[in-house]
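Participant: Here you go, this is input.cif (mmCIF, C-alpha atoms and all ligand atoms).
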data_final
#
loop_
_atom_site.label_atom_id
_atom_site.label_comp_id
_atom_site.auth_asym_id
_atom_site.auth_seq_id
_atom_site.Cartn_x
_atom_site.Cartn_y
_atom_site.Cartn_z
CA GLU A 1 24.58 4.14 18.99
CA PRO A 2 21.83 3.57 16.43
CA SER A 3 23.36 1.50 13.66
CA ALA A 4 20.44 0.87 11.31
CA LYS A 5 20.29 2.56 7.96
CA VAL A 6 17.13 4.65 7.64
CA ILE A 7 15.13 3.65 4.57
CA ASP A 8 13.97 6.96 3.16
CA GLY A 9 10.56 6.30 1.64
CA LYS A 10 9.95 9.96 1.07
CA ARG A 11 13.02 10.21 -1.16
CA VAL A 12 12.26 7.00 -3.06
CA ALA A 13 8.62 8.01 -3.54
CA LYS A 14 9.74 11.33 -5.00
CA GLU A 15 12.06 9.51 -7.41
CA ILE A 16 9.21 7.25 -8.52
CA ARG A 17 6.83 10.16 -8.95
CA GLU A 18 9.39 11.87 -11.18
CA GLU A 19 9.85 8.68 -13.19
CA VAL A 20 6.09 8.46 -13.63
CA ALA A 21 5.85 12.12 -14.65
CA ALA A 22 8.53 11.53 -17.30
CA GLY A 23 6.67 8.45 -18.57
CA VAL A 24 3.41 10.37 -18.71
CA SER A 25 4.85 13.17 -20.80
CA LYS A 26 6.56 10.69 -23.13
CA MET A 27 3.24 8.98 -23.72
CA LYS A 28 1.45 12.25 -24.24
CA GLU A 29 4.01 13.34 -26.80
CA ALA A 30 3.99 10.07 -28.71
CA LEU A 31 0.27 9.25 -28.69
CA GLY A 32 -1.51 12.34 -27.41
CA VAL A 33 -2.90 10.16 -24.64
CA VAL A 34 -3.03 11.38 -21.03
CA PRO A 35 -3.32 8.64 -18.38
CA GLY A 36 -6.43 9.07 -16.21
CA LEU A 37 -7.29 7.90 -12.69
CA ALA A 38 -10.86 7.84 -11.36
CA VAL A 39 -11.54 7.84 -7.63
CA ILE A 40 -14.88 6.92 -6.09
CA LEU A 41 -15.52 8.27 -2.62
CA VAL A 42 -18.70 7.40 -0.73
CA GLY A 43 -19.58 9.23 2.47
CA ASP A 44 -17.89 11.96 4.48
CA ARG A 45 -15.13 10.27 6.49
CA LYS A 46 -12.49 12.91 7.09
CA ASP A 47 -9.53 10.54 6.68
CA SER A 48 -10.88 9.20 3.38
CA ALA A 49 -11.45 12.72 2.08
CA THR A 50 -7.85 13.58 2.95
CA TYR A 51 -6.49 10.50 1.16
CA VAL A 52 -8.56 11.32 -1.93
CA ARG A 53 -7.37 14.92 -1.93
CA ASN A 54 -3.74 13.80 -1.65
CA LYS A 55 -4.18 11.31 -4.49
CA LYS A 56 -5.69 14.00 -6.71
CA LYS A 57 -2.85 16.40 -6.00
CA ALA A 58 -0.24 13.71 -6.69
CA CYS A 59 -1.95 12.88 -10.01
CA GLU A 60 -1.88 16.51 -11.08
CA ASP A 61 1.81 16.79 -10.19
CA ALA A 62 2.57 13.75 -12.35
CA GLY A 63 0.47 14.97 -15.28
CA ILE A 64 -2.20 12.29 -14.75
CA LYS A 65 -5.78 13.42 -15.26
CA SER A 66 -7.98 12.77 -12.27
CA PHE A 67 -11.67 11.99 -12.26
CA GLU A 68 -13.78 11.92 -9.17
CA ALA A 69 -17.19 10.65 -8.11
CA CYS A 70 -18.14 11.83 -4.63
CA LEU A 71 -21.34 10.22 -3.40
CA PRO A 72 -23.25 10.93 -0.19
CA LYS A 73 -23.02 8.45 2.68
CA ASP A 74 -26.54 7.17 2.00
CA ALA A 75 -25.80 6.41 -1.67
CA THR A 76 -27.09 3.00 -2.75
CA GLU A 77 -24.93 0.14 -3.95
CA GLU A 78 -26.60 0.49 -7.38
CA GLU A 79 -25.46 4.10 -7.62
CA VAL A 80 -21.89 3.15 -6.77
CA LEU A 81 -21.99 0.32 -9.31
CA LYS A 82 -23.33 2.71 -11.95
CA HIS A 83 -20.35 5.02 -11.47
CA ILE A 84 -17.95 2.11 -11.69
CA SER A 85 -19.58 0.93 -14.88
CA SER A 86 -19.32 4.36 -16.46
CA PHE A 87 -15.62 4.62 -15.54
CA ASN A 88 -15.10 1.08 -16.85
CA ASN A 89 -16.46 2.26 -20.21
CA ASP A 90 -14.71 5.64 -20.29
CA PRO A 91 -11.64 5.47 -22.56
CA ALA A 92 -10.07 8.49 -20.79
CA VAL A 93 -9.96 6.50 -17.54
CA HIS A 94 -7.12 3.97 -17.16
CA GLY A 95 -7.35 3.33 -13.43
CA ILE A 96 -10.29 3.07 -11.04
CA LEU A 97 -9.96 3.26 -7.31
CA VAL A 98 -12.71 2.83 -4.75
CA GLN A 99 -11.76 4.55 -1.52
CA LEU A 100 -12.25 2.09 1.36
CA PRO A 101 -13.91 1.61 3.77
CA LEU A 102 -17.35 1.88 2.19
CA PRO A 103 -20.40 2.64 4.36
CA SER A 104 -21.62 -0.59 5.96
CA HIS A 105 -24.84 -0.88 3.90
CA ILE A 106 -22.77 -1.29 0.73
CA ASN A 107 -21.29 -4.69 -0.05
CA GLU A 108 -17.56 -4.17 -0.57
CA GLN A 109 -17.20 -7.47 -2.46
CA ASN A 110 -19.82 -6.54 -5.04
CA VAL A 111 -18.19 -3.18 -5.59
CA LEU A 112 -14.61 -4.42 -5.92
CA ASN A 113 -15.77 -7.23 -8.23
CA ALA A 114 -17.31 -4.64 -10.55
CA VAL A 115 -14.05 -2.84 -11.35
CA CYS A 116 -12.75 -4.21 -14.65
CA ILE A 117 -9.44 -5.94 -13.97
CA GLU A 118 -7.64 -3.96 -16.69
CA LYS A 119 -8.32 -0.77 -14.66
CA ASP A 120 -7.96 -2.25 -11.16
CA VAL A 121 -4.98 -0.08 -10.16
CA ASP A 122 -5.48 -0.89 -6.46
CA GLY A 123 -5.10 -4.58 -7.27
CA PHE A 124 -8.04 -5.53 -5.04
CA HIS A 125 -10.07 -7.45 -7.63
CA PRO A 126 -10.15 -11.14 -6.60
CA LEU A 127 -8.83 -12.13 -10.03
CA ASN A 128 -5.74 -9.98 -9.53
CA ILE A 129 -5.23 -11.27 -5.97
CA GLY A 130 -5.80 -14.84 -7.17
CA ARG A 131 -3.18 -14.49 -9.87
CA LEU A 132 -0.79 -12.99 -7.31
CA ALA A 133 -1.21 -16.15 -5.23
CA MET A 134 -0.72 -18.60 -8.11
CA ARG A 135 2.51 -19.78 -9.66
CA ASP A 136 3.10 -18.84 -13.30
CA ARG A 137 0.23 -16.37 -13.26
CA GLU A 138 0.73 -12.63 -13.53
CA PRO A 139 -1.60 -10.17 -11.81
CA LEU A 140 -2.29 -7.07 -13.90
CA PHE A 141 -1.85 -4.99 -10.74
CA VAL A 142 -0.44 -5.52 -7.26
CA PRO A 143 -1.88 -3.61 -4.25
CA CYS A 144 -0.02 -0.34 -3.77
CA THR A 145 1.09 -0.46 -0.12
CA PRO A 146 2.69 -3.93 -0.17
CA LYS A 147 4.15 -3.20 -3.60
CA GLY A 148 5.70 -0.07 -2.09
CA CYS A 149 7.24 -2.18 0.69
CA ILE A 150 8.90 -4.52 -1.82
CA GLU A 151 10.02 -1.59 -3.96
CA LEU A 152 11.82 -0.11 -0.92
CA LEU A 153 13.61 -3.43 -0.36
CA HIS A 154 14.64 -3.52 -4.03
CA ARG A 155 15.85 0.06 -4.19
CA TYR A 156 17.92 -0.43 -1.03
CA GLY A 157 19.50 -3.58 -2.45
CA VAL A 158 18.01 -5.91 0.18
CA VAL A 159 18.25 -9.54 -0.95
CA ILE A 160 14.90 -11.31 -0.51
CA LYS A 161 15.60 -14.66 -2.17
CA GLY A 162 16.30 -17.42 0.33
CA LYS A 163 15.66 -15.19 3.35
CA ARG A 164 13.28 -15.76 6.24
CA ALA A 165 10.54 -13.16 6.23
CA VAL A 166 7.80 -12.52 8.75
CA VAL A 167 4.71 -10.47 7.93
CA ILE A 168 2.75 -9.24 10.93
CA GLY A 169 -0.91 -8.77 9.94
CA ARG A 170 -2.98 -10.56 7.28
CA SER A 171 -5.40 -7.94 5.96
CA ASN A 172 -6.53 -8.11 2.33
CA ILE A 173 -4.98 -4.75 1.56
CA VAL A 174 -1.55 -5.05 3.21
CA GLY A 175 -0.50 -8.15 5.16
CA MET A 176 -1.79 -10.91 2.89
CA PRO A 177 -0.55 -9.45 -0.42
CA ALA A 178 2.78 -8.52 1.25
CA ALA A 179 3.25 -12.17 2.23
CA LEU A 180 2.38 -13.34 -1.29
CA LEU A 181 4.83 -10.88 -2.83
CA LEU A 182 7.67 -11.96 -0.53
CA GLN A 183 6.96 -15.58 -1.40
CA ARG A 184 7.00 -14.79 -5.12
CA GLU A 185 10.46 -13.30 -4.51
CA ASP A 186 11.59 -16.62 -3.02
CA ALA A 187 11.58 -15.70 0.67
CA THR A 188 10.32 -18.25 3.19
CA VAL A 189 7.38 -16.47 4.74
CA SER A 190 5.56 -16.74 8.07
CA VAL A 191 2.43 -14.74 8.73
CA VAL A 192 1.75 -13.63 12.30
CA HIS A 193 -1.71 -12.37 13.32
CA SER A 194 -3.87 -11.68 16.35
CA ARG A 195 -4.27 -15.39 17.16
CA THR A 196 -0.56 -16.16 16.96
CA LYS A 197 0.94 -17.34 20.25
CA ASN A 198 4.32 -15.80 21.07
CA PRO A 199 4.76 -13.79 17.87
CA GLU A 200 8.25 -12.78 19.02
CA GLU A 201 9.40 -16.39 18.51
CA PHE A 202 8.72 -15.92 14.80
CA THR A 203 10.04 -12.40 14.42
CA ARG A 204 13.33 -13.28 16.14
CA GLU A 205 14.08 -15.67 13.28
CA ALA A 206 13.31 -13.13 10.56
CA ASP A 207 15.81 -11.52 8.21
CA ILE A 208 13.01 -9.29 6.94
CA ILE A 209 9.98 -8.08 8.92
CA ILE A 210 7.01 -6.32 7.36
CA SER A 211 4.67 -5.12 10.08
CA ALA A 212 1.09 -4.08 9.21
CA VAL A 213 -0.84 -4.33 12.44
CA GLY A 214 -1.95 -0.94 13.68
CA GLN A 215 -0.61 -1.29 17.25
CA ALA A 216 1.77 1.43 18.41
CA ASN A 217 5.23 0.16 19.38
CA MET A 218 4.17 -3.51 19.52
CA VAL A 219 7.40 -4.86 18.06
CA LYS A 220 10.12 -4.43 20.71
CA GLY A 221 13.85 -4.43 20.19
CA SER A 222 13.99 -7.88 21.78
CA TRP A 223 11.73 -9.23 19.00
CA ILE A 224 14.30 -8.40 16.34
CA LYS A 225 17.20 -10.48 15.06
CA PRO A 226 20.43 -8.47 14.85
CA GLY A 227 20.89 -7.19 11.30
CA ALA A 228 17.26 -7.68 10.25
CA VAL A 229 15.59 -5.30 7.79
CA ILE A 230 12.35 -3.78 9.04
CA ILE A 231 9.51 -2.32 6.99
CA ASP A 232 6.97 -0.67 9.29
CA VAL A 233 3.60 -0.09 7.63
CA GLY A 234 1.72 0.84 10.81
CA ILE A 235 0.40 4.37 11.22
CA ASN A 236 -0.74 4.85 14.80
CA PRO A 237 -1.66 8.08 16.58
CA VAL A 238 -0.29 8.39 20.13
CA GLU A 239 -0.99 11.20 22.56
CA ASP A 240 1.62 13.94 22.51
CA SER A 241 1.00 17.12 24.46
CA GLU A 242 4.01 18.79 22.79
CA SER A 243 2.48 18.49 19.33
CA PRO A 244 0.02 21.22 18.27
CA ARG A 245 -2.48 18.55 17.23
CA GLY A 246 -2.19 16.78 20.61
CA TYR A 247 -0.96 13.58 18.98
CA ARG A 248 1.81 12.27 16.77
CA LEU A 249 2.10 9.25 14.48
CA VAL A 250 4.25 6.21 15.27
CA GLY A 251 4.67 2.81 13.66
CA ASP A 252 4.09 -0.73 14.92
CA VAL A 253 7.80 -1.04 15.74
CA CYS A 254 9.63 0.59 18.67
CA TYR A 255 11.77 2.73 16.43
CA ASP A 256 14.43 3.76 18.94
CA GLU A 257 14.98 0.20 20.10
CA ALA A 258 14.90 -1.26 16.61
CA ARG A 259 17.51 1.18 15.31
CA GLN A 260 20.07 -0.32 17.69
CA ILE A 261 19.53 -3.85 16.38
CA ALA A 262 18.26 -3.82 12.81
CA SER A 263 20.47 -3.17 9.79
CA ALA A 264 17.83 -1.02 8.09
CA ILE A 265 14.41 0.35 9.02
CA THR A 266 11.66 2.57 7.63
CA PRO A 267 10.66 5.54 9.79
CA VAL A 268 7.04 6.53 10.50
CA PRO A 269 6.16 8.92 9.01
CA GLY A 270 8.34 9.11 5.90
CA GLY A 271 8.76 5.39 5.21
CA VAL A 272 6.05 3.28 3.59
CA GLY A 273 3.40 6.03 3.75
CA PRO A 274 4.61 8.11 0.79
CA MET A 275 5.23 4.95 -1.27
CA THR A 276 1.54 4.02 -1.49
CA ILE A 277 0.55 7.00 -3.63
CA ALA A 278 3.74 6.71 -5.70
CA MET A 279 2.83 3.09 -6.55
CA LEU A 280 -0.73 4.15 -7.39
CA LEU A 281 0.59 6.65 -9.93
CA SER A 282 2.96 4.05 -11.29
CA ASN A 283 0.13 1.50 -11.63
CA THR A 284 -1.98 4.09 -13.45
CA LEU A 285 0.77 4.80 -15.97
CA THR A 286 1.35 1.05 -16.44
CA SER A 287 -2.35 0.62 -17.10
CA ALA A 288 -2.49 3.40 -19.70
CA LYS A 289 0.58 1.94 -21.43
CA ARG A 290 -0.93 -1.54 -21.51
CA ILE A 291 -4.32 -0.33 -22.77
CA HIS A 292 -2.64 1.69 -25.54
CA ASN A 293 0.05 -0.90 -26.23
CA PHE A 294 2.80 1.66 -25.60
CA ASN A 295 6.24 0.94 -24.21
P1 LIG B 301 -6.27 -4.29 9.64
O1 LIG B 301 -6.83 -3.83 10.92
O2 LIG B 301 -7.15 -4.61 8.50
O3 LIG B 301 -5.37 -5.59 9.91
C1 LIG B 301 -4.55 -5.68 11.03
C2 LIG B 301 -3.91 -7.04 11.08
O4 LIG B 301 -3.08 -7.09 12.22
C3 LIG B 301 -4.92 -8.18 11.21
O5 LIG B 301 -4.54 -9.24 10.37
C4 LIG B 301 -4.84 -8.58 12.68
O6 LIG B 301 -5.02 -9.96 12.93
C5 LIG B 301 -3.41 -8.24 13.01
N1 LIG B 301 -3.25 -7.92 14.43
C6 LIG B 301 -3.99 -7.10 15.20
N2 LIG B 301 -3.53 -7.07 16.45
C7 LIG B 301 -2.48 -7.90 16.48
C8 LIG B 301 -1.58 -8.29 17.51
N3 LIG B 301 -1.68 -7.82 18.75
N4 LIG B 301 -0.61 -9.16 17.19
C9 LIG B 301 -0.48 -9.65 15.95
N5 LIG B 301 -1.30 -9.30 14.93
C10 LIG B 301 -2.29 -8.44 15.21
O7 LIG B 301 -5.20 -3.18 9.24
P2 LIG B 301 -4.51 -2.83 7.82
O8 LIG B 301 -3.80 -4.00 7.30
O9 LIG B 301 -5.47 -2.11 6.97
O10 LIG B 301 -3.45 -1.74 8.31
C11 LIG B 301 -2.42 -2.06 9.23
C12 LIG B 301 -1.67 -0.80 9.61
O11 LIG B 301 -1.07 -0.24 8.46
C13 LIG B 301 -2.53 0.31 10.20
O12 LIG B 301 -1.78 0.99 11.19
C14 LIG B 301 -2.78 1.22 9.02
O13 LIG B 301 -3.00 2.56 9.44
C15 LIG B 301 -1.49 1.08 8.28
N6 LIG B 301 -1.62 1.32 6.83
C16 LIG B 301 -0.73 2.14 6.22
C17 LIG B 301 -0.79 2.38 4.87
C18 LIG B 301 0.24 3.25 4.25
O14 LIG B 301 1.32 3.39 4.74
N7 LIG B 301 -0.01 3.88 3.15
C19 LIG B 301 -1.85 1.79 4.02
C20 LIG B 301 -2.69 0.88 4.74
C21 LIG B 301 -2.59 0.68 6.09
P3 LIG B 301 -6.41 -10.73 12.61
O15 LIG B 301 -6.39 -10.99 11.13
O16 LIG B 301 -6.29 -11.98 13.39
O17 LIG B 301 -7.50 -9.82 13.04
#
Here is the file; what I need is its structure written in the form of C-alpha cells.
Ligand code: NDP

Facilitator:
Amino acid sequence: EPSAKVIDGKRVAKEIREEVAAGVSKMKEALGVVPGLAVILVGDRKDSATYVRNKKKACEDAGIKSFEACLPKDATEEEVLKHISSFNNDPAVHGILVQLPLPSHINEQNVLNAVCIEKDVDGFHPLNIGRLAMRDREPLFVPCTPKGCIELLHRYGVVIKGKRAVVIGRSNIVGMPAALLLQREDATVSVVHSRTKNPEEFTREADIIISAVGQANMVKGSWIKPGAVIIDVGINPVEDSESPRGYRLVGDVCYDEARQIASAITPVPGGVGPMTIAMLLSNTLTSAKRIHNFN
C-alpha cells in the first residue's frame, strides 16, 4: 500500500501563477506599470526553444509582458552582452533571463555577470548567490528551481528547522542553491555528489531529500528513511515502447518504491517541473514591485 502523500506541484504552481496574475493586475491598476520579462536565447537547441516558448506563454497568461532576443548559434559574446546591456537599461524590462546552456564559444560567466542584479530573476548572478550563502545578507533573487522545491515544502507544511536534509547534486542552478536554502531554513544539510562514497548512508539519515542528479531511478526505496519527505528534481527520459514518443520521463527516485516508505513525495512529471516557471513569474513581479517601490 503506497502511504506517501503526493506533493502536487502542478496544483501549487497554478495557485502561484494565479497569485502572480492578481498582483500584476493590481500593479497595473495602481501605477499603470506592466511587469516585463526579457529572455535571451542563443542558438537552436530544441529543448531550450521549448523552455523559452513555455516561459513566454506563462508570462502572457499572468499578464507579464515578454521580450525576446533570439540570436543565431554563431552570435558573438559581444552581441549577447549588447542585448543584455540594452535590457538592463530598458525601464519596461524588470527581469532578464539568459537561457542556458550557451554555445561553448561564449563565456557563461561573463554573460551572467553582465545582468544587473536588480533584474537577475534567475538568481544566477554571483552577487545574488554570494548573498544567499552569507548570514545576514539577503539575495535580491533566489534561483527558481530550488526556490520552487522549498516553496513546495512550505505549502505542504513540512517543518525544515532542525531536520536532517540531504541534497543529491551540487550544480550551480539546482543542487548548490537548494543546499544553501535548506541551511538558511535551519536544516542540517549534507550534499552528496558523484564522488560521494556510499551515498545511501547519507540519504538513510535524511528527513528531507532533494534529488537533482539526472540519473533515472538512482534513489532506491532502501535509501530512504521511513517517513522522509522527498523532492525529486530529476527529469530523465527512459525508453518506453508504449508511449507514442518512444520514451517517458521519470525522476531520480524510484517512485513506486519510495511511495511505500516516504511520508510525502513529488511525482515526475507534475512535481518540481511546473514550479520553476511559477517562481520565475513570481520573481519577475517581485522585481517590478521593488523597482517601482510598490507593495
Ligand atoms: P547537472 O548535471 O549540472 O548536475 C548533476 C549533479 O549530480 C552534479 O553535482 C553531479 O556530481 C551529481 N551526480 C551525477 N551523478 C551522480 C551519482 N551517480 N551520484 C551522486 N551524484 C551524482 O544537473 P542539474 O543540476 O542541472 O540538473 C539535475 C536534474 O534536474 C536533471 O535531471 C535536470 O533535467 C533536472 N532539472 C529539472 C528542472 C526543473 O524541474 N524545472 C530544472 C533544472 C534541472 P558532480 O558535481 O560531482 O559532477

Participant: By how many Å are atom CA of Met275 of chain A and atom CA of Ile106 of chain A apart?

Facilitator: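 Between atom CA of Met275 of chain A and atom CA of Ile106 of chain A the gap works out to 28.8 Å.
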
Participant: Measuring between all atoms listed in the file, which one of A:Leu132, A:Ile173, A:Ile210, A:Ala22 shows the shortest distance to Gln99 of chain A?

Facilitator: A:Ile173

Participant: Could you give me, as JSON lines, a per-residue list for chain A showing, wherever an atom lies at most 8 Å from an atom of ligand LIG 301 (chain B), the closest pair of atoms and their distance in Å to one decimal, using all atoms listed in the file and sorting by chain then residue number from low to high?

Facilitator:
{"residue": "A:Thr145", "atom": "CA", "partner": "B:LIG301", "partner_atom": "N7", "distance": 5.5}
{"residue": "A:Ile168", "atom": "CA", "partner": "B:LIG301", "partner_atom": "N5", "distance": 5.7}
{"residue": "A:Gly169", "atom": "CA", "partner": "B:LIG301", "partner_atom": "O4", "distance": 3.6}
{"residue": "A:Arg170", "atom": "CA", "partner": "B:LIG301", "partner_atom": "O5", "distance": 3.7}
{"residue": "A:Ser171", "atom": "CA", "partner": "B:LIG301", "partner_atom": "O8", "distance": 4.5}
{"residue": "A:Asn172", "atom": "CA", "partner": "B:LIG301", "partner_atom": "O8", "distance": 7.0}
{"residue": "A:Ile173", "atom": "CA", "partner": "B:LIG301", "partner_atom": "O8", "distance": 5.9}
{"residue": "A:Val174", "atom": "CA", "partner": "B:LIG301", "partner_atom": "O8", "distance": 4.8}
{"residue": "A:Gly175", "atom": "CA", "partner": "B:LIG301", "partner_atom": "O8", "distance": 5.7}
{"residue": "A:Val192", "atom": "CA", "partner": "B:LIG301", "partner_atom": "C9", "distance": 5.8}
{"residue": "A:His193", "atom": "CA", "partner": "B:LIG301", "partner_atom": "N5", "distance": 3.5}
{"residue": "A:Ser194", "atom": "CA", "partner": "B:LIG301", "partner_atom": "N5", "distance": 3.8}
{"residue": "A:Arg195", "atom": "CA", "partner": "B:LIG301", "partner_atom": "O16", "distance": 5.5}
{"residue": "A:Thr196", "atom": "CA", "partner": "B:LIG301", "partner_atom": "C9", "distance": 6.6}
{"residue": "A:Pro199", "atom": "CA", "partner": "B:LIG301", "partner_atom": "C9", "distance": 6.9}
{"residue": "A:Ser211", "atom": "CA", "partner": "B:LIG301", "partner_atom": "C12", "distance": 7.7}
{"residue": "A:Ala212", "atom": "CA", "partner": "B:LIG301", "partner_atom": "C11", "distance": 4.0}
{"residue": "A:Val213", "atom": "CA", "partner": "B:LIG301", "partner_atom": "O4", "distance": 3.6}
{"residue": "A:Gly214", "atom": "CA", "partner": "B:LIG301", "partner_atom": "O12", "distance": 3.2}
{"residue": "A:Gln215", "atom": "CA", "partner": "B:LIG301", "partner_atom": "N2", "distance": 6.5}
{"residue": "A:Met218", "atom": "CA", "partner": "B:LIG301", "partner_atom": "N3", "distance": 7.3}
{"residue": "A:Val233", "atom": "CA", "partner": "B:LIG301", "partner_atom": "O11", "distance": 4.7}
{"residue": "A:Gly234", "atom": "CA", "partner": "B:LIG301", "partner_atom": "O12", "distance": 3.5}
{"residue": "A:Ile235", "atom": "CA", "partner": "B:LIG301", "partner_atom": "O12", "distance": 4.0}
{"residue": "A:Asn236", "atom": "CA", "partner": "B:LIG301", "partner_atom": "O12", "distance": 5.4}
{"residue": "A:Gly251", "atom": "CA", "partner": "B:LIG301", "partner_atom": "O12", "distance": 7.1}
{"residue": "A:Asp252", "atom": "CA", "partner": "B:LIG301", "partner_atom": "O12", "distance": 7.2}
{"residue": "A:Gly271", "atom": "CA", "partner": "B:LIG301", "partner_atom": "O14", "distance": 7.7}
{"residue": "A:Val272", "atom": "CA", "partner": "B:LIG301", "partner_atom": "O14", "distance": 4.9}
{"residue": "A:Gly273", "atom": "CA", "partner": "B:LIG301", "partner_atom": "O14", "distance": 3.5}
{"residue": "A:Pro274", "atom": "CA", "partner": "B:LIG301", "partner_atom": "N7", "distance": 6.7}
{"residue": "A:Met275", "atom": "CA", "partner": "B:LIG301", "partner_atom": "N7", "distance": 6.9}
{"residue": "A:Thr276", "atom": "CA", "partner": "B:LIG301", "partner_atom": "N7", "distance": 4.9}
{"residue": "A:Ile277", "atom": "CA", "partner": "B:LIG301", "partner_atom": "N7", "distance": 7.5}

Participant: Can you tell me how far atom CA of Asn217 of chain A sits from atom CA of Ala258 of chain A, in Å to one decimal?

Facilitator: 10.2 Å

Participant: What does the structure give for the distance between atom CA of Asp232 of chain A and atom CA of Pro269 of chain A, in Å to one decimal?

Facilitator: 9.6 Å

Participant: Give me the residues within 12 Å of Glu108 of chain A as a list in words, counting all atoms listed in the file and dropping any in the same chain fewer than 5 places off.

Facilitator: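 The filter keeps Val42, Glu77, Val80, Leu81, Val98, Gln99, Leu100, Pro101, Leu102, Pro103, Asn113, Ala114, Val115, Phe124, His125 and Pro126 of chain A.
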
Participant: Box for segment 76-79 of chain A - axis-aligned, 8 Å on each of the six sides, all listed atoms - centre and size in Å to one decimal, as lines of an AutoDock Vina configuration file.

Facilitator:
center_x = -26.0
center_y = 2.1
center_z = -5.2
size_x = 18.2
size_y = 20.0
size_z = 20.9

Participant: Restricting the calculation to all atoms listed in the file: of A:Glu239, A:Glu151, A:Asp74, A:Glu118, which residue gets closest to Glu185 of chain A?

Facilitator: A:Glu151

Participant: With only C-alpha atoms as the atoms that count, which of A:Thr188, A:Thr76, A:Asn198, A:Thr266 lies nearest to His105 of chain A?

Facilitator: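 With only C-alpha atoms as the atom set, the closest residue is A:Thr76.
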
Participant: Measuring atom to atom with all atoms listed in the file, identify which of A:Val93, A:Leu112, A:Leu152, A:Ile40 is nearest to Glu68 of chain A.

Facilitator: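 Of A:Val93, A:Leu112, A:Leu152, A:Ile40, the one nearest Glu68 of chain A, counting all atoms listed in the file, is A:Ile40.
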
Participant: Given the choices A:Lys73, A:Arg17, A:Lys57, A:Arg248, which gets closest to Gly43 of chain A if the distance is worked out from all atoms listed in the file?

Facilitator: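 Of A:Lys73, A:Arg17, A:Lys57, A:Arg248, the one nearest Gly43 of chain A is A:Lys73, counting all atoms listed in the file.
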
Participant: Give the answer as one residue: which of A:Lys65, A:His154, A:Lys28, A:Lys5 has the shortest atom-to-atom distance to Lys289 of chain A, using all atoms listed in the file?

Facilitator: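 Among the listed residues, A:Lys28 lies closest to Lys289 of chain A.
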
Participant: I'd like the contact shell of Ile129 of chain A - 12 Å cut-off, only C-alpha atoms, skipping same-chain residues fewer than 4 positions apart - returned as a list in words.

Facilitator: Leu112, Asn113, Ile117, Asp120, Val121, Asp122, Gly123, Phe124, His125, Ala133, Met134, Arg137, Glu138, Pro139, Leu140, Phe141, Val142, Pro143, Asn172, Ile173, Val174, Met176, Pro177, Ala178, Ala179, Leu180 and Leu181 of chain A

Participant: Keeping C-alpha atoms, export the residues of the selection given above as a PDB file, in the coordinates of the input.

Facilitator:
ATOM      1  CA  LEU A 112     -14.610  -4.420  -5.920  1.00  0.00           C
ATOM      2  CA  ASN A 113     -15.770  -7.230  -8.230  1.00  0.00           C
ATOM      3  CA  ILE A 117      -9.440  -5.940 -13.970  1.00  0.00           C
ATOM      4  CA  ASP A 120      -7.960  -2.250 -11.160  1.00  0.00           C
ATOM      5  CA  VAL A 121      -4.980  -0.080 -10.160  1.00  0.00           C
ATOM      6  CA  ASP A 122      -5.480  -0.890  -6.460  1.00  0.00           C
ATOM      7  CA  GLY A 123      -5.100  -4.580  -7.270  1.00  0.00           C
ATOM      8  CA  PHE A 124      -8.040  -5.530  -5.040  1.00  0.00           C
ATOM      9  CA  HIS A 125     -10.070  -7.450  -7.630  1.00  0.00           C
ATOM     10  CA  ALA A 133      -1.210 -16.150  -5.230  1.00  0.00           C
ATOM     11  CA  MET A 134      -0.720 -18.600  -8.110  1.00  0.00           C
ATOM     12  CA  ARG A 137       0.230 -16.370 -13.260  1.00  0.00           C
ATOM     13  CA  GLU A 138       0.730 -12.630 -13.530  1.00  0.00           C
ATOM     14  CA  PRO A 139      -1.600 -10.170 -11.810  1.00  0.00           C
ATOM     15  CA  LEU A 140      -2.290  -7.070 -13.900  1.00  0.00           C
ATOM     16  CA  PHE A 141      -1.850  -4.990 -10.740  1.00  0.00           C
ATOM     17  CA  VAL A 142      -0.440  -5.520  -7.260  1.00  0.00           C
ATOM     18  CA  PRO A 143      -1.880  -3.610  -4.250  1.00  0.00           C
ATOM     19  CA  ASN A 172      -6.530  -8.110   2.330  1.00  0.00           C
ATOM     20  CA  ILE A 173      -4.980  -4.750   1.560  1.00  0.00           C
ATOM     21  CA  VAL A 174      -1.550  -5.050   3.210  1.00  0.00           C
ATOM     22  CA  MET A 176      -1.790 -10.910   2.890  1.00  0.00           C
ATOM     23  CA  PRO A 177      -0.550  -9.450  -0.420  1.00  0.00           C
ATOM     24  CA  ALA A 178       2.780  -8.520   1.250  1.00  0.00           C
ATOM     25  CA  ALA A 179       3.250 -12.170   2.230  1.00  0.00           C
ATOM     26  CA  LEU A 180       2.380 -13.340  -1.290  1.00  0.00           C
ATOM     27  CA  LEU A 181       4.830 -10.880  -2.830  1.00  0.00           C
TER      28      LEU A 181
END
